[in-house]
Structure formats: C-alpha cells, structure tokens
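Report on the following structure.
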Amino acid sequence: MATKNFIEELEWRGMIHTIMPGAKEQLEREMTTAYLGIDPTADSLHIGHLVGVMILKHFQMCGHRPVALVGGATGMIGDPSGKSQERNLLDEATLRHNQEAIKRQLAKLLDFESDAPNAALMVNNYDWMKEFSFLDFIRDIGKLITVNYMMAKDSVKKRFNGEGDGMSFTEFTYQLVQGYDFLHLYQTLNCRLQLGGADQWGNITTGTELIRRKLGGEAYAITCPLITKADGTKFGKTESGNVWLDPRYTSPYKFYQFWLNVSDEDAKRYIKIFTLLDRPTIEQLIAEHDAAPHLRILQKRLAQELTTMIHSKEEYEKAVEASSILFGGSTSEALHRLDEQTLLQVFEGVPQFTLSRSELEGLPFIELCAEKTQIFPSKGECRKMVQGGGVSLNREKVTDPQRTLSSEELIAGKYLLVQKGKKNYYLVIVA
C-alpha cells in the first residue's frame, strides 16, 4: 500500500463532499477497487470531467485500483441528474469511437499498462447491458427497489415537480441501470466503492442498496463537490463553449489561456484540485501570490501544470511564447514560429483587412496602412508615428514609411501583423 491516505489527501484539497459510513475503514483495510462513470457523448473529455479523473489519479497513487466506466448503455438512455431536458441518444459505432478516444486521454494520467495489482481498467457498461432482456432486468433487478425509493431521489423529484418537460420512463429507470453497474462490478471485479460528483449521490446509493438487497454485500460511496467559479457560474464553460482536452476542439494555447485567466479566489481552489503539487508547495505558492497578486503566480503555475499534463511541455512552451507575442516583448522569430490556428486565436477580435498577393509585392508600407487598409486615416499620420518609433510590422520597428513589402515576410504564408502604439494590433490577410 502507498503511504498516502486517499481520504486525507482529498480532504485537504477540498475534493470531498460526502463519504458513506464505512468507506474510510474499507480503504484502510485493503487495496480497494473503485469506479467512476464517464459520459461518452463526445470523443473528448472536457475540463468538467477533470475533477473525476484527478480523483481516480489520486486513488491509484494511494495504492488502490481505479476503474473508469464508460457509460455506453447509460449514454443511450440519458441521466436526469442536473438536467431538465432529455439528451440525444448515441449509436454503438459512435460510442465505441468515443470510448477509444477517451481512453487515450485517460492514459496520460492513469496507468493502464503496467502489471501492478492496481493498474487501471476501462470498462463499458454496454458490454454487460446489451444482452440483458427487458424481462430479465425487471424480474431480477426491478423487483429489488421500490418506486417509493426511486421517487425520493432529488434528481427525480425535481423533474416531477415541473422542471423541464417531465421525465420519460427511460430516464426514470436510469438509476436502476447505474445501480446495476455497481452490482455487476462488485460481482466481477470485487469493486467496493463508487466515486462521482455530488449530483450522483442518489444514483450511487441505489447501487449500494442493490448490492445489499441482492447479495447482502457492503459497498460504499464517496462524492466530490461540483466545481463552480467564485461568482457562482458554471466552471469550464467559456463564451465559445466547453474547454476540451482534445487539441482539435480547444487548442493548447486556448487551454493555457483559460487557466491563466481564472480569478485569484478560483486559482487558490483549482491549484489544489487540478494539480498533483503537494501541500507545502501549494501553501508556499499561495503565500507568494498573496504577497504580490499582480504577478499572478498561482495562475501561471496552474496553467503550466495543466497544459503540460494534458498536452506536453513543448505545447506549454509554445503557449507561453504565443501569449508573450500579445503581452510581452517577443521577437519576430517567435511570431514566425506560430502556426496559423494559434496566430488567429492570439489575435482574435483585432481588426482585419484583406489584400491580394499581387497588390502586396513592392507595395510601400505607408500605402498599405493609409490606402489599402484603414490602419491610419492618412499618410501624414502614419509617417509621423513611424518617425516617433511607434509602428511595428511583424514585431519589428518600421523606420522607413516608404519601405516596400514582399510575400517573403508573410507569417504562416498569408498574414502581416501591424502594431500601432503599445496595444493596437491589425491583421492583414493576403489571399
């Protein structure tokens, strides 16, 4: 067994909401298998999933065996917890694709491959639910739990009391299906514990009740708080939607920027939840941050740890370099190293102008700024600011307003970046 105590580790990190009596003793008694369910409705996890994944990571680091359960069957139904609408259902091919993609992401954090007794497992509840006939299910499982018991759950009560469009029978049975998962894993993997978000408590305890009533067995639950931002709004959402772990959906630069821009209050909580830094390191970082909040020490370290863990050290360094182009004294070489996607994200929202390639060759800089675009209202104003040293092209000072342009100067083969003063950027797209 590892020296760290799982519950103590999670408690100081603020990652425990409710512990079922007996869970602590079970974990201290022996290496324990626990599972956490992951919704496979997309082929990438987003940062809303990260709390659960970090809990599995700590569980494994504390010497226990984590099981990631991809809810293929439950994904075909839809969990009513915390939702007021029924979700779209997925076909098997999509589910399998999503499962493989999710496993690749989890493998960055969990050890699936070693021959250690606590190597992680991934299972899909579709594999044991697909052969289960409706008659068998209602005879063997349905009879064990009363409707009164199911109706008492908060997730069910809310929907019956007029939230959304009511609840279909399909969704009503969700807690029985999830409860059966726990029963199945208890029987096949000796899984004694289910982990999940606080909104899953009702579903998880249905599982422990099924195990007790059908097998006379003892099983346990531990839930973590639902993460919100300090202002009470939902964590992990931006104006453009979820922050994904897959770089196809959220680039490493945008991912880095998300963590860099969290509030001081949130950074103090998130650095405990989303990194593996130990307690003395985190306490020291918080003290340094409080002494000089303007340096954003916590946010920078949080962004570094997360971007390196989810993407790579190289992607983290590229994200830092991209950020310095906008906010620091970076060089022209750094700008030319940017790929097109990152360049457009760094300069998202700045004024853009389009120019044809034939117009560009040999064009004097002053004409680009005052005639072909509206960067300057007049040539005189452009000339005056160039003479004052306040204009740059691709991060290099322009000293001669009559200097000519060529396609060799284009960033990513099609962009010019003009900077006027300290903060005004303009992107010229050469098509």
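By order in the structure tokens, chains are A, B, ...; within a chain, residues start at 1; ligands start at 1, following the order shown.
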
Please provide the set of residues having any atom within 6 Å of segment 45-54 of chain A, restricted to only C-alpha atoms, with same-chain residues fewer than 3 positions apart removed, written as a list in words.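 Final neighbour list, sorted by chain and number: Lys57, Gly236, Val243, Trp244 and Leu245 of chain A.
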
In Å, rounded to a single decimal, give me how far atom CA of Ala230 of chain A is from atom CA of Glu265 of chain A.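 Result for atom CA of Glu265 of chain A versus atom CA of Ala230 of chain A: 6.5 Å, one decimal.
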
Segment 334-341 of chain A environment, 9 Å, only C-alpha atoms, sequence neighbours closer than 6 positions dropped, as a ChimeraX atom specification: /A:251,318,321-322,325,394-395,410-415

Those same residues - C-alpha atoms - I'd like them written as a PDB file, in the first residue's frame.
ATOM      1  CA  SER A 251      -6.025  24.448 -28.842  1.00  0.00           C
ATOM      2  CA  LYS A 318       4.547  27.308 -27.329  1.00  0.00           C
ATOM      3  CA  GLU A 321       5.545  32.159 -26.362  1.00  0.00           C
ATOM      4  CA  ALA A 322       2.252  32.875 -28.144  1.00  0.00           C
ATOM      5  CA  ILE A 325       3.606  37.993 -28.546  1.00  0.00           C
ATOM      6  CA  ASN A 394       5.652  41.587 -37.619  1.00  0.00           C
ATOM      7  CA  ARG A 395       7.143  42.753 -34.289  1.00  0.00           C
ATOM      8  CA  LEU A 410       4.199  36.763 -44.537  1.00  0.00           C
ATOM      9  CA  ILE A 411       3.546  34.826 -41.321  1.00  0.00           C
ATOM     10  CA  ALA A 412       2.217  31.301 -41.972  1.00  0.00           C
ATOM     11  CA  GLY A 413       2.367  32.210 -45.674  1.00  0.00           C
ATOM     12  CA  LYS A 414      -0.547  34.666 -45.582  1.00  0.00           C
ATOM     13  CA  TYR A 415      -0.505  37.217 -42.720  1.00  0.00           C
TER      14      TYR A 415
END
